[in-house]
Every structure is written in C-alpha cells, then in structure tokens.
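See below for model.tsv, which holds TSV, C-alpha atoms and all ligand atoms.
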chain	number	residue	atom	x	y	z
F	60	MET	CA	0.00	0.00	0.00
F	61	ILE	CA	2.89	2.34	0.81
F	62	SER	CA	6.48	1.87	-0.36
F	63	PHE	CA	9.41	4.03	0.60
F	64	ARG	CA	12.34	3.48	-1.75
F	65	ASP	CA	15.55	5.03	-0.47
F	66	ALA	CA	13.39	7.97	0.59
F	67	THR	CA	15.36	10.90	2.00
F	68	LYS	CA	14.21	14.25	3.33
F	69	VAL	CA	16.80	16.90	4.11
F	70	PHE	CA	15.86	20.19	5.76
F	71	GLY	CA	18.23	23.11	5.23
F	72	ASP	CA	21.59	22.87	3.54
F	73	GLY	CA	25.31	23.07	4.21
F	74	PRO	CA	26.59	22.22	7.68
F	75	ARG	CA	23.15	22.90	9.19
F	76	ALA	CA	21.36	20.37	6.99
F	77	VAL	CA	19.18	17.88	8.91
F	78	ARG	CA	18.54	14.48	7.34
F	79	ALA	CA	15.12	14.08	8.96
F	80	VAL	CA	14.48	10.92	6.90
F	81	ASP	CA	17.62	9.16	5.72
F	82	SER	CA	17.49	6.54	2.94
F	83	VAL	CA	14.40	4.74	4.21
F	84	THR	CA	13.27	1.66	2.30
F	85	LEU	CA	10.12	0.16	3.77
F	86	ASP	CA	6.84	-1.43	2.68
F	87	VAL	CA	3.50	-1.08	4.44
F	88	ALA	CA	1.15	-3.87	3.35
F	89	ARG	CA	-2.47	-3.30	2.41
F	90	GLY	CA	-4.79	-3.88	5.36
F	91	GLU	CA	-2.19	-3.91	8.13
F	92	ILE	CA	-1.60	-1.70	11.16
F	93	PHE	CA	1.97	-0.53	10.84
F	94	GLY	CA	3.69	1.19	13.77
F	95	VAL	CA	6.58	3.64	13.57
F	96	ILE	CA	8.32	4.24	16.88
F	97	GLY	CA	11.20	6.52	17.82
F	98	TYR	CA	12.26	9.20	20.25
F	99	SER	CA	11.53	12.86	19.64
F	100	GLY	CA	13.33	14.08	16.54
F	101	ALA	CA	13.84	10.59	15.09
F	102	GLY	CA	12.00	11.57	11.91
F	103	LYS	CA	8.66	9.81	12.40
F	104	SER	CA	6.42	12.76	11.59
F	105	THR	CA	8.48	13.67	8.57
F	106	LEU	CA	8.25	10.08	7.32
F	107	VAL	CA	4.44	10.08	7.40
F	108	ARG	CA	4.27	13.55	5.94
F	109	LEU	CA	6.05	12.11	2.90
F	110	VAL	CA	3.10	9.74	2.42
F	111	ASN	CA	0.57	12.47	1.74
F	112	ALA	CA	3.23	14.69	0.18
F	113	LEU	CA	2.78	17.35	2.83
F	114	GLU	CA	6.56	17.27	2.50
F	115	PRO	CA	8.17	16.45	-0.85
F	116	VAL	CA	11.11	14.00	-0.74
F	117	SER	CA	14.62	15.32	-1.33
F	118	SER	CA	15.51	12.07	-3.11
F	119	GLY	CA	14.14	8.55	-3.49
F	120	GLN	CA	10.57	7.44	-4.08
F	121	VAL	CA	7.31	7.14	-2.18
F	122	VAL	CA	4.76	4.89	-3.85
F	123	VAL	CA	1.19	5.02	-2.54
F	124	ASP	CA	-1.28	2.42	-3.79
F	125	GLY	CA	0.87	1.78	-6.85
F	126	GLN	CA	1.43	5.44	-7.70
F	127	ASP	CA	4.82	7.12	-7.41
F	128	ILE	CA	3.70	10.32	-5.68
F	129	THR	CA	7.09	11.99	-5.99
F	130	ILE	CA	6.44	12.72	-9.66
F	131	LEU	CA	2.82	13.89	-9.39
F	132	GLY	CA	1.56	17.41	-9.94
F	133	GLU	CA	-0.53	19.30	-7.37
F	134	ALA	CA	-3.91	18.35	-8.91
F	135	GLU	CA	-3.05	14.64	-8.93
F	136	LEU	CA	-1.65	14.90	-5.42
F	137	ARG	CA	-4.96	16.28	-4.20
F	138	ARG	CA	-6.64	13.11	-5.49
F	139	VAL	CA	-4.08	10.92	-3.71
F	140	ARG	CA	-4.52	12.93	-0.48
F	141	ALA	CA	-8.29	12.39	-0.64
F	142	GLY	CA	-7.57	8.68	-0.17
F	143	ILE	CA	-5.54	9.32	2.99
F	144	GLY	CA	-7.03	10.35	6.34
F	145	MET	CA	-4.97	11.79	9.15
F	146	ILE	CA	-5.41	12.25	12.90
F	147	PHE	CA	-3.22	14.25	15.27
F	148	GLN	CA	-2.13	14.48	18.89
F	149	GLN	CA	-3.96	17.79	19.38
F	150	PHE	CA	-7.06	16.66	17.40
F	151	ASN	CA	-7.06	19.84	15.21
F	152	LEU	CA	-10.84	20.29	15.37
F	153	MET	CA	-12.61	23.53	14.45
F	154	ASN	CA	-14.00	24.88	17.72
F	155	SER	CA	-16.62	27.09	16.07
F	156	ARG	CA	-18.25	24.14	14.33
F	157	THR	CA	-20.36	21.40	15.87
F	158	VAL	CA	-19.20	17.79	15.93
F	159	ALA	CA	-21.36	17.11	12.86
F	160	GLY	CA	-19.92	20.21	11.20
F	161	ASN	CA	-16.37	19.02	11.82
F	162	VAL	CA	-17.02	15.51	10.54
F	163	GLY	CA	-18.92	16.79	7.50
F	164	TYR	CA	-16.35	19.43	6.59
F	165	PRO	CA	-14.18	17.25	4.28
F	166	LEU	CA	-17.39	16.18	2.50
F	167	LYS	CA	-18.34	19.80	1.96
F	168	VAL	CA	-14.91	20.44	0.46
F	169	ALA	CA	-15.39	17.35	-1.73
F	170	LYS	CA	-18.77	18.84	-2.80
F	171	TRP	CA	-21.05	16.07	-1.51
F	172	SER	CA	-24.74	17.02	-1.51
F	173	LYS	CA	-26.29	18.07	1.79
F	174	GLN	CA	-28.38	14.93	2.05
F	175	GLU	CA	-25.44	12.61	1.33
F	176	ARG	CA	-23.38	14.54	3.86
F	177	GLN	CA	-25.98	14.20	6.57
F	178	GLN	CA	-26.30	10.48	5.99
F	179	ARG	CA	-22.53	9.89	5.97
F	180	VAL	CA	-22.02	12.02	9.10
F	181	SER	CA	-24.62	10.10	11.11
F	182	GLU	CA	-23.14	6.80	9.88
F	183	LEU	CA	-19.67	7.92	11.02
F	184	LEU	CA	-20.84	9.24	14.40
F	185	GLU	CA	-22.64	5.96	14.96
F	186	PHE	CA	-19.42	4.07	14.13
F	187	VAL	CA	-17.29	6.06	16.60
F	188	GLY	CA	-19.99	5.96	19.30
F	189	LEU	CA	-20.86	9.68	19.31
F	190	ALA	CA	-24.32	9.67	17.72
F	191	ASP	CA	-25.66	11.72	20.62
F	192	LYS	CA	-22.99	14.43	20.28
F	193	ALA	CA	-23.74	15.64	16.75
F	194	ARG	CA	-24.82	19.08	17.95
F	195	SER	CA	-22.16	19.49	20.64
F	196	TYR	CA	-19.10	21.67	20.18
F	197	PRO	CA	-15.53	20.36	20.58
F	198	GLY	CA	-15.13	22.47	23.73
F	199	GLN	CA	-17.85	20.38	25.40
F	200	LEU	CA	-16.08	17.07	24.74
F	201	SER	CA	-13.42	15.08	26.61
F	202	GLY	CA	-10.05	14.38	24.95
F	203	GLY	CA	-11.09	10.86	23.99
F	204	GLN	CA	-14.34	12.11	22.44
F	205	LYS	CA	-12.43	14.77	20.50
F	206	GLN	CA	-10.14	12.12	19.07
F	207	ARG	CA	-13.20	10.05	18.08
F	208	VAL	CA	-14.47	13.10	16.18
F	209	GLY	CA	-11.00	13.37	14.61
F	210	ILE	CA	-11.21	9.75	13.50
F	211	ALA	CA	-14.74	10.17	12.12
F	212	ARG	CA	-13.60	13.25	10.17
F	213	ALA	CA	-10.51	11.44	8.86
F	214	LEU	CA	-12.72	8.60	7.61
F	215	ALA	CA	-15.40	10.81	6.06
F	216	THR	CA	-14.27	10.47	2.43
F	217	LYS	CA	-13.66	6.70	2.84
F	218	PRO	CA	-9.87	6.75	2.65
F	219	ALA	CA	-7.89	3.53	2.19
F	220	ILE	CA	-5.11	4.78	4.49
F	221	LEU	CA	-5.28	6.38	7.94
F	222	LEU	CA	-2.18	8.10	9.32
F	223	ALA	CA	-2.21	8.54	13.11
F	224	ASP	CA	0.49	10.91	14.37
F	225	GLU	CA	0.84	10.49	18.15
F	226	ALA	CA	-2.95	10.19	18.23
F	227	THR	CA	-3.10	8.98	21.84
F	228	SER	CA	-0.18	10.92	23.33
F	229	ALA	CA	-2.45	13.57	24.88
F	230	LEU	CA	-4.87	11.03	26.37
F	231	ASP	CA	-5.01	9.24	29.72
F	232	PRO	CA	-4.43	5.46	29.84
F	233	SER	CA	-8.02	4.24	29.75
F	234	THR	CA	-9.03	6.73	27.05
F	235	THR	CA	-5.94	5.67	25.09
F	236	ASP	CA	-7.17	2.06	25.22
F	237	ASP	CA	-10.62	3.11	23.92
F	238	VAL	CA	-9.11	5.04	21.02
F	239	LEU	CA	-6.73	2.18	20.17
F	240	THR	CA	-9.68	-0.23	20.19
F	241	LEU	CA	-11.49	2.08	17.79
F	242	LEU	CA	-8.44	2.20	15.50
F	243	LYS	CA	-8.41	-1.61	15.49
F	244	ARG	CA	-12.06	-1.58	14.38
F	245	VAL	CA	-11.24	0.93	11.64
F	246	ASN	CA	-8.62	-1.52	10.42
F	247	ARG	CA	-10.65	-4.73	10.79
F	248	GLU	CA	-14.16	-3.65	9.94
F	249	LEU	CA	-13.40	-1.05	7.28
F	250	GLY	CA	-10.20	-2.61	5.90
F	251	VAL	CA	-8.30	0.66	6.26
F	252	THR	CA	-4.48	0.44	6.29
F	253	VAL	CA	-3.37	2.27	9.45
F	254	VAL	CA	0.06	3.81	10.06
F	255	VAL	CA	0.58	4.69	13.72
F	256	ILE	CA	3.38	6.98	14.83
F	257	THR	CA	4.26	6.91	18.49
F	258	HIS	CA	7.01	7.10	21.09
F	259	GLU	CA	5.17	4.58	23.29
F	260	MET	CA	5.94	0.89	22.87
F	261	ASP	CA	2.64	0.13	24.65
F	262	VAL	CA	0.77	1.55	21.67
F	263	ILE	CA	2.77	-0.65	19.30
F	264	ARG	CA	2.22	-3.69	21.51
F	265	SER	CA	-1.54	-3.07	21.69
F	266	ILE	CA	-2.40	-2.61	18.04
F	267	ALA	CA	0.40	-2.89	15.49
F	268	HIS	CA	1.04	-5.95	13.34
F	269	ARG	CA	4.46	-4.76	12.23
F	270	VAL	CA	6.76	-2.05	13.51
F	271	ALA	CA	9.68	0.06	12.32
F	272	VAL	CA	12.04	1.62	14.85
F	273	MET	CA	13.50	4.97	13.77
F	274	GLU	CA	16.62	6.67	15.05
F	275	ARG	CA	18.28	9.73	13.51
F	276	GLY	CA	16.20	9.50	10.34
F	277	LYS	CA	16.98	5.86	9.71
F	278	VAL	CA	14.92	2.72	10.21
F	279	VAL	CA	17.21	0.74	12.51
F	280	GLU	CA	14.96	-2.30	12.82
F	281	HIS	CA	11.63	-3.50	11.48
F	282	GLY	CA	9.55	-6.64	11.50
F	283	ARG	CA	6.53	-8.32	13.01
F	284	VAL	CA	5.82	-6.85	16.44
F	285	TYR	CA	6.04	-10.25	18.12
F	286	ASP	CA	9.45	-10.98	16.60
F	287	VAL	CA	10.81	-7.54	17.45
F	288	PHE	CA	9.67	-7.94	21.09
F	289	ALA	CA	11.02	-11.49	21.31
F	290	SER	CA	14.48	-10.64	19.97
F	291	PRO	CA	15.09	-6.91	19.73
F	292	ARG	CA	18.46	-6.24	18.06
F	293	ALA	CA	19.10	-2.49	17.95
F	294	PRO	CA	19.89	-0.84	21.32
F	295	ALA	CA	17.04	1.64	20.78
F	296	THR	CA	14.60	-1.23	20.24
F	297	ARG	CA	15.75	-2.98	23.40
F	298	ARG	CA	15.13	0.19	25.38
F	299	PHE	CA	11.64	0.60	23.92
F	300	VAL	CA	10.77	-3.02	24.71
F	301	ALA	CA	12.08	-2.60	28.26
F	302	THR	CA	9.81	0.41	28.84
F	303	THR	CA	6.66	-1.59	28.16
F	304	MET	CA	7.62	-5.06	29.40
F	305	ARG	CA	8.14	-4.83	33.17
F	306	ASP	CA	8.13	-8.57	33.58
F	307	ARG	CA	11.83	-8.99	34.42
F	308	PRO	CA	13.16	-7.88	37.80
F	309	SER	CA	15.36	-4.79	37.81
F	310	LYS	CA	18.61	-4.75	39.80
F	311	ASP	CA	16.88	-3.33	42.90
F	312	THR	CA	13.93	-5.71	42.66
F	313	LEU	CA	16.29	-8.64	42.26
F	314	GLU	CA	18.12	-7.65	45.42
F	315	ARG	CA	14.84	-7.66	47.35
F	316	LEU	CA	13.84	-10.97	45.72
F	317	ARG	CA	17.14	-12.56	46.73
F	318	HIS	CA	16.51	-11.43	50.28
F	319	ARG	CA	13.06	-13.02	50.36
F	320	HIS	CA	14.01	-16.05	48.27
F	321	PRO	CA	17.54	-17.24	49.02
F	322	GLY	CA	17.21	-20.38	46.84
F	323	ARG	CA	18.02	-20.92	43.17
F	324	MET	CA	16.10	-18.52	40.93
F	325	ILE	CA	15.59	-18.51	37.17
F	326	THR	CA	13.78	-16.19	34.76
F	327	VAL	CA	12.04	-18.13	31.99
F	328	GLY	CA	10.79	-16.50	28.79
F	329	ILE	CA	7.15	-17.33	28.07
F	330	ARG	CA	6.35	-17.59	24.37
F	331	GLU	CA	3.74	-19.09	22.11
F	332	GLY	CA	4.07	-22.85	21.60
F	333	ALA	CA	7.38	-24.15	22.93
F	334	GLY	CA	8.22	-22.21	26.07
F	335	SER	CA	4.61	-21.62	27.03
F	336	GLY	CA	3.44	-21.43	30.65
F	337	THR	CA	2.06	-24.97	30.34
F	338	ASP	CA	5.46	-26.27	29.20
F	339	VAL	CA	7.16	-24.74	32.24
F	340	THR	CA	4.68	-26.42	34.60
F	341	ALA	CA	5.08	-29.74	32.80
F	342	ALA	CA	8.89	-29.52	32.95
F	343	LEU	CA	8.80	-28.80	36.69
F	344	ARG	CA	6.58	-31.83	37.24
F	345	GLU	CA	8.68	-34.06	35.02
F	346	HIS	CA	11.93	-33.21	36.83
F	347	GLY	CA	10.33	-33.31	40.30
F	348	VAL	CA	11.34	-29.72	41.00
F	349	ASP	CA	9.26	-27.23	43.02
F	350	GLY	CA	8.81	-23.85	41.39
F	351	ALA	CA	7.45	-20.86	43.30
F	352	ILE	CA	6.57	-17.92	41.06
F	353	VAL	CA	8.17	-14.85	42.63
F	354	PHE	CA	8.00	-12.26	39.81
F	355	GLY	CA	6.86	-11.92	36.21
F	356	GLY	CA	4.16	-11.03	33.76
F	357	ILE	CA	2.59	-12.42	30.62
F	358	THR	CA	0.85	-10.20	28.13
F	359	GLU	CA	-0.46	-10.60	24.60
F	360	ILE	CA	1.32	-9.32	21.55
F	361	ASP	CA	-0.44	-9.74	18.23
F	362	GLU	CA	-2.84	-12.01	20.13
F	363	ARG	CA	-0.01	-14.36	21.17
F	364	PRO	CA	1.33	-14.84	24.74
F	365	PHE	CA	4.58	-13.08	25.62
F	366	GLY	CA	6.45	-12.38	28.84
F	367	SER	CA	8.49	-14.15	31.50
F	368	LEU	CA	8.25	-15.75	34.91
F	369	THR	CA	10.88	-15.67	37.65
F	370	LEU	CA	10.79	-18.80	39.79
F	371	GLU	CA	12.50	-19.92	42.94
F	372	LEU	CA	13.36	-23.58	42.48
F	373	GLY	CA	13.47	-26.16	45.20
F	374	GLY	CA	14.65	-29.77	45.07
F	375	ASP	CA	17.57	-31.94	44.16
F	376	GLU	CA	20.51	-30.00	42.60
F	377	ALA	CA	20.96	-32.43	39.69
F	378	ALA	CA	17.22	-32.33	38.93
F	379	ILE	CA	17.33	-28.51	38.90
F	380	GLU	CA	20.28	-28.54	36.44
F	381	ALA	CA	18.42	-31.01	34.20
F	382	LEU	CA	15.27	-28.84	34.34
F	383	ILE	CA	17.20	-25.71	33.33
F	384	ALA	CA	18.89	-27.53	30.45
F	385	ASP	CA	15.50	-28.82	29.33
F	386	LEU	CA	13.85	-25.37	29.45
F	387	ARG	CA	16.81	-23.84	27.59
F	388	SER	CA	16.09	-26.09	24.62
F	389	THR	CA	12.75	-24.35	24.04
F	390	THR	CA	13.05	-20.80	25.44
F	391	ASP	CA	15.45	-18.27	26.98
F	392	VAL	CA	16.39	-18.96	30.58
F	393	HIS	CA	18.37	-16.64	32.84
F	394	ASP	CA	19.97	-18.46	35.71
F	395	LEU	CA	20.01	-16.05	38.64
F	396	GLY	CA	21.84	-18.43	40.98
F	397	THR	CA	21.20	-18.22	44.72
F	398	ARG	CA	21.49	-15.44	47.28
F	399	ASP	CA	24.90	-16.70	48.34
F	400	ALA	CA	26.08	-17.51	44.81
F	401	PRO	CA	24.34	-15.02	42.49
F	402	ARG	CA	24.62	-15.41	38.71
F	403	ASP	CA	23.06	-13.75	35.58
F	404	ASP	CA	21.41	-10.44	36.25
F	405	PRO	CA	18.24	-10.10	34.15
F	406	SER	CA	18.32	-6.31	34.62
F	407	ALA	CA	21.01	-6.40	31.94
F	408	ILE	CA	18.06	-6.83	29.62
F	409	ILE	CA	16.07	-4.03	31.23
F	410	ASP	CA	19.03	-1.67	30.95
F	411	GLY	CA	19.03	-2.40	27.24
F	412	ASP	CA	22.53	-3.82	27.27
F	413	PRO	CA	23.04	-6.27	24.45
F	414	PRO	CA	23.68	-9.86	25.47
F	415	GLU	CA	27.35	-10.74	25.78
F	416	GLY	CA	29.09	-11.22	22.49
F	417	SER	CA	26.44	-9.54	20.36
F	418	PRO	CA	27.90	-7.41	17.57
F	419	ASP	CA	26.69	-4.07	18.91
F	420	GLU	CA	27.73	-4.73	22.48
F	421	HIS	CA	30.09	-1.78	22.38
F	422	GLU	CA	27.65	0.56	20.71
F	423	ALA	CA	24.86	0.56	23.31
F	424	PRO	CA	24.85	4.14	24.61
F	425	ASP	CA	23.69	5.03	28.13
F	426	VAL	CA	22.11	8.12	26.68
F	427	ASP	CA	20.51	8.21	23.28
F	428	PRO	CA	21.69	10.79	20.76
F	429	TYR	CA	18.88	13.14	21.75
F	430	GLY	CA	19.90	13.23	25.39
F	431	PHE	CA	17.08	10.96	26.49
F	432	ALA	CA	18.73	9.19	29.43
F	433	VAL	CA	17.91	5.55	29.95
F	434	ASP	CA	16.96	6.39	33.53
F	435	ALA	CA	14.45	8.93	32.30
F	436	ILE	CA	12.85	6.32	30.09
F	437	ARG	CA	12.49	4.07	33.10
F	438	ARG	CA	11.02	6.84	35.20
F	439	HIS	CA	8.59	8.26	32.68
F	440	GLY	CA	7.97	5.37	30.36
F	441	GLY	CA	6.35	3.05	32.88
F	442	PRO	CA	3.35	0.87	32.21
F	443	ARG	CA	0.09	2.64	31.78
J	501	LIG	N1	10.18	21.93	8.61
J	501	LIG	C1	11.36	21.61	9.17
J	501	LIG	N2	12.44	22.41	9.01
J	501	LIG	C2	13.64	22.06	9.55
J	501	LIG	N3	13.86	20.94	10.28
J	501	LIG	C3	12.83	20.12	10.48
J	501	LIG	C4	11.52	20.40	9.94
J	501	LIG	N4	10.68	19.39	10.29
J	501	LIG	C5	11.43	18.53	11.03
J	501	LIG	N5	12.71	18.96	11.13
J	501	LIG	C6	13.80	18.26	11.83
J	501	LIG	O1	13.85	16.94	11.35
J	501	LIG	C7	14.13	16.01	12.41
J	501	LIG	C8	13.02	14.99	12.51
J	501	LIG	O2	11.83	15.64	12.94
J	501	LIG	P1	10.42	14.91	13.09
J	501	LIG	O3	9.42	15.90	13.57
J	501	LIG	O4	10.12	14.16	11.84
J	501	LIG	O5	10.75	13.85	14.23
J	501	LIG	P2	9.73	13.02	15.12
J	501	LIG	O6	10.36	11.70	15.30
J	501	LIG	O7	8.37	13.07	14.56
J	501	LIG	O8	9.79	13.80	16.49
J	501	LIG	P3	8.59	14.46	17.32
J	501	LIG	O9	7.86	13.31	17.92
J	501	LIG	O10	9.31	15.30	18.32
J	501	LIG	O11	7.81	15.26	16.33
J	501	LIG	C9	14.31	16.86	13.66
J	501	LIG	O12	15.67	17.12	13.85
J	501	LIG	C10	13.55	18.15	13.31
J	501	LIG	O13	14.09	19.24	14.02

Give the structure from the file, written as structure tokens.
Ligand SMILES: Nc1ncnc2c1ncn2[C@@H]1O[C@H](COP(=O)(O)OP(=O)(O)OP(=O)(O)O)[C@@H](O)[C@H]1O
Amino acid sequence: MISFRDATKVFGDGPRAVRAVDSVTLDVARGEIFGVIGYSGAGKSTLVRLVNALEPVSSGQVVVDGQDITILGEAELRRVRAGIGMIFQQFNLMNSRTVAGNVGYPLKVAKWSKQERQQRVSELLEFVGLADKARSYPGQLSGGQKQRVGIARALATKPAILLADEATSALDPSTTDDVLTLLKRVNRELGVTVVVITHEMDVIRSIAHRVAVMERGKVVEHGRVYDVFASPRAPATRRFVATTMRDRPSKDTLERLRHRHPGRMITVGIREGAGSGTDVTAALREHGVDGAIVFGGITEIDERPFGSLTLELGGDEAAIEALIADLRSTTDVHDLGTRDAPRDDPSAIIDGDPPEGSPDEHEAPDVDPYGFAVDAIRRHGGPR
C-alpha cells in the first residue's frame, strides 16, 4: 500500500542540513496496522508527511497504492490525499463548528450534496460511538471524544489509508485504550491500512502488526511486532521493549527478591508454543522440582502470549540442572543463581545492554543521541 524506496528528506543545507528521513526503504502492506516508533526528533512525523506529500522528498521514491507520488503534480496529489485520512495528537478540530460540522467538513470540500453529507455524518458518528454528540461543540467534549471526532472526520471520504500521528499521546491510559480499540475496528471492519506513529511501545504492543524503529532519520529495525519484542536487536529497540515489558526484575527488585528467596532462581521466557506457561509447569513436574513464582508477567502481543516468569526452584541440585537444560532447549532462561552464589542479572536486559558477544555490544549508549537518558525512560515510560 505504501512503499518508501531510499526515501530521504533533508531540511536546510550546508553544515546545518538535517537528514530528517535518511534513505528509508520500507513497505506497508495493504490492510495492516503498521507502527513507527522513535524518540523525539527521530523523523517519524516527517516520514508520514512524505506519504501524503505534505513534505516532498529530497531524493528517493514514495509509492502510494501503486502510484509514485514523488512525480505527481498538485492536482493529482490532491486526489491521492483524498484517499488518505490523518489524525493528530492535538485533534485539530474547528472549535466554532459542531461535531457534525467538523465531521462533514471534508465532505463539503469534496462537494457532496447536503443529504449525502448528513447520511454519511450520522453513519460515522454511529461508528465512533458519538451519535448523541452531533450538535455538541468540541469544547464540550473530553479528549477521547475529540479524538473520536478526529477519527470520524478522517474517515469521512472513505480513505484507504489512515495516518495517526501520536494520536493517543495527549490522552489518559483508559481513554488511550478506547481510542486504540477504535483504530483496530477501523482496520478490521473497514479494511483501512493504518500507520501509527508513536514514542510509546505500549501503543505498538496493543495494536500494530508490524513495527519500524527509527533513530536519527533511519529505520534501525523492522519486523513483526512479536518478533521484534522477542528478539530486539538495535539498542534503541531494546530500550523501547524494556519500557513496556516490566516482567523482568530490575537490579533493585532482584536484590529484594534474593533477600526473600535465598534459593536458586531462574527467569524463563514465556512464548507461544514451545516455552509456554504450560510447558514450564510440565517440565517442573517431570523433573520433580518445586517452582514458586516470585515475579513476572505475561501479556499478549499480536494475540499471542509473551512475557516471563521468575521462579524460585526447590529440590535436588541435579534435577534442577536437568530442568534448566531442558527449558533452555525451548526458550530463553536466565539463571540467577542463589542469594549466596548469584549469577546472571536479568536487569542487563532491562538496561538495554546487548547480550554478551552480540555485535553491537560496544555501541549501546547510556544516553541516546537526543539526550534521552535511559533512567528517564524508566522513570517516565512506565506501564500505563
Ligand atoms: N520543517 C522543518 N524544518 C527544519 N527541520 C525540520 C523540519 N521538520 C522537522 N525537522 C527536523 O527533522 C528532524 C526529525 O523531525 P520529526 O518531527 O520528523 O521527528 P519526530 O520523530 O516526529 O519527532 P517528534 O515526535 O518530536 O515530532 C528533527 O531534527 C527536526 O528538528
């Protein structure tokens, strides 16, 4: 549906030039929810603005629904833009118009008749659950309701693509969930391809099928959300995953755990199929080892289970070793040792450090290039 081919956008020139989007090659499939995540200034907004040609590329190509939009004239671009809806962090509603007036505005511009407009507006308000607010003004609505109006307006002309630029960043957690659920319905029920831009990995985890991670204008990693969560490669990706998955004990938590549970502890990755919660229970039973769950969390990504459990093991030493070896054949296991003989520290994962021996071990910065300290991510990026 959308193809970036070596797409580059440079602002300014000479030594002050900023490569906001730097040689991005990426495909967004028809009918999917595609997430783009990155810290402030990574180039996310510029990337989506290339899709509706609000910004022209400096070089490379952007192909939308089979059409190379980098070679189109203004009149043709207007037609392409009509097939693309957009929603924003600050909603961008017209305060002097009613909800119905806002939603119907694009139809007025597109010269729909009054009767057709009225019918389409009530259909849209019904879809977003605001049928009773047609005559209200934006000032009388909550943030979540305003974003619903934004979504209804973006869908008015039946676009095939919806671009959502930080659409939930101004909303509280439960309202965010409602809006994300609505975006899922837009995708599933109306077949609209949705591109979601965000700095919150929770948003990606909740709705995206695939994700691209951006850093300094480049896509540093992309793939299915489940795969990216299960084995994040780029340091930036690991930090994003750590902000949303709080299932592994941090250094401080581990210290407290060791105090309460002096025995042998392990952290076991829980995945779909092999390495599932059921497998862990079966392995414990098979090896005659007791396992007390002392920390952890399992969530769903792309409707598949994902997370980890930290267990304190009790029983015969040899049986425990055999159990760990067995679990290691199907999933990742961190052996935390005992209080008196501590081993692996799973907070290495939370800190975003690459596992030992990985190629970018020496590249993982404590502070990202935009001065966003890892500590700050931990403090402010907690679970919603
Ligand atoms: N119109 C512009 N003129 C000059 N520089 C720009 C312009 N738009 C964006 N930039 C620069 O391009 C880079 C990428 O910006 P962009 O807004 O795309 O990032 P972002 O990831 O969306 O961040 P944010 O979430 O803060 O908007 C930044 O360094 C920004 O300052």

If you count all atoms listed in the file, the residue of F:Asp311, F:Glu280, F:Asp224, F:Glu185 closest to ligand LIG 501 (chain J) turns out to be F:Asp224

Checklist entry - Do you know which residues are within 7 Å of ligand LIG 501 (chain J) using only C-alpha atoms and all ligand atoms? Can you write them as a list in words? => result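 For ligand LIG 501 (chain J), the residues inside 7 Å are Phe70, Gly71, Val77, Arg78, Ala79, Gly97, Tyr98, Ser99, Gly100, Ala101, Gly102, Lys103, Ser104, Thr105, Leu106 and Gly276 of chain F.
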
Since we have the selection now, will you write its residues out, keeping C-alpha atoms, as an mmCIF file, in the coordinates of the input?
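Written output follows (selection_23.cif):
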data_model
loop_
_atom_site.group_PDB
_atom_site.id
_atom_site.type_symbol
_atom_site.label_atom_id
_atom_site.label_comp_id
_atom_site.auth_asym_id
_atom_site.auth_seq_id
_atom_site.Cartn_x
_atom_site.Cartn_y
_atom_site.Cartn_z
ATOM 1 C CA PHE F 70 15.860 20.190 5.760
ATOM 2 C CA GLY F 71 18.230 23.110 5.230
ATOM 3 C CA VAL F 77 19.180 17.880 8.910
ATOM 4 C CA ARG F 78 18.540 14.480 7.340
ATOM 5 C CA ALA F 79 15.120 14.080 8.960
ATOM 6 C CA GLY F 97 11.200 6.520 17.820
ATOM 7 C CA TYR F 98 12.260 9.200 20.250
ATOM 8 C CA SER F 99 11.530 12.860 19.640
ATOM 9 C CA GLY F 100 13.330 14.080 16.540
ATOM 10 C CA ALA F 101 13.840 10.590 15.090
ATOM 11 C CA GLY F 102 12.000 11.570 11.910
ATOM 12 C CA LYS F 103 8.660 9.810 12.400
ATOM 13 C CA SER F 104 6.420 12.760 11.590
ATOM 14 C CA THR F 105 8.480 13.670 8.570
ATOM 15 C CA LEU F 106 8.250 10.080 7.320
ATOM 16 C CA GLY F 276 16.200 9.500 10.340
#

Out of F:Ala190, F:Val255, F:Val348, F:Val107, which residue has the shortest atom-to-atom distance to Gly374 in chain F when counting all atoms listed in the file?
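Counting all atoms listed in the file, the residue closest to Gly374 in chain F is F:Val348.
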
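Restricting the calculation to all atoms listed in the file, the smallest distance between Asp261 in chain F and any of F:Met304, F:Leu189, F:Leu249, F:Met153 is found for F:Met304.
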
From the set F:Val168, F:Ala223, F:Ala377, F:Val158, which residue has the shortest atom-to-atom contact distance to Ala141 in chain F, counting only C-alpha atoms?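 The shortest atom-to-atom distance to Ala141 in chain F comes from F:Val168.
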
Practice task
Just the residues within 7 Å of Arg307 in chain F, please, counting all atoms listed in the file, with nothing from its chain fewer than 2 positions along; format it as a ChimeraX atom specification.
Solution key: /F:305,309,355,367,405

Checklist entry - Which neighbours of Glu345 in chain F fall inside 12 Å, counting only C-alpha atoms, when residues of the same chain fewer than 3 positions from it are skipped, and could you give them as JSON, numbers by chain? => result {"F": [338, 339, 340, 341, 342, 348, 349, 378, 379, 381, 382, 385, 386]}

Protein and nucleic acid residues near (-17.9, 17.7, 15.7) (cut-off 10 Å, only C-alpha atoms) as a count of residues only = 31

For a test of reading the model, state the distance in Å between CA of Phe288 in chain F and CA of His346 in chain F, rounded to one decimal.
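Computed distance, CA of Phe288 in chain F to CA of His346 in chain F, equals 29.9 Å.
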
From the list F:Leu316, F:Lys310, F:Arg330, F:Asp127, the nearest residue to Ser290 in chain F using only C-alpha atoms is F:Arg330

Using only C-alpha atoms, which residue out of F:Asn246, F:Ser62, F:Gln148, F:Gln174 lies closest to Pro218 in chain F?
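The answer is F:Asn246, which sits nearest to Pro218 in chain F.
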
One decimal, in Å: what's the spacing between CA of His258 in chain F and CA of Lys243 in chain F?
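Going from CA of His258 in chain F over to CA of Lys243 in chain F covers 18.6 Å.
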
In the coordinates of the file, take the point (10.9, -16.8, 36.9) and a cut-off of 12 Å; then, counting all atoms listed in the file, name each qualifying protein, DNA or RNA residue as a ChimeraX atom specification. /F:306-308,313,316,320,323-329,336,339-340,350-357,366-372,383,386,391-396,405

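Here CA of Ala400 in chain F stands at a distance of 22.8 Å from CA of Gly347 in chain F.
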
Can you pull out the residues contacting range 228-234 of chain F? Cut-off 8 Å, using only C-alpha atoms, and skip same-chain residues under 4 positions away; I want them as a PDB file with C-alpha atoms, keeping the file's coordinate frame.
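What landed in result-v7.pdb:
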ATOM      1  CA  GLN F 148      -2.130  14.480  18.890  1.00  0.00           C
ATOM      2  CA  GLN F 149      -3.960  17.790  19.380  1.00  0.00           C
ATOM      3  CA  GLY F 202     -10.050  14.380  24.950  1.00  0.00           C
ATOM      4  CA  GLY F 203     -11.090  10.860  23.990  1.00  0.00           C
ATOM      5  CA  VAL F 238      -9.110   5.040  21.020  1.00  0.00           C
ATOM      6  CA  THR F 257       4.260   6.910  18.490  1.00  0.00           C
ATOM      7  CA  ARG F 443       0.090   2.640  31.780  1.00  0.00           C
TER       8      ARG F 443
END

Residues near Leu222 in chain F, cut-off 12 Å, all atoms listed in the file, skip fewer than 6 positions along chain, as JSON, numbers by chain: {"F": [61, 87, 92, 93, 94, 95, 103, 104, 106, 107, 108, 109, 110, 111, 140, 142, 143, 144, 145, 146, 147, 148, 209, 210, 213, 214, 242, 245, 246, 251, 252, 253, 254, 255, 256, 257]}
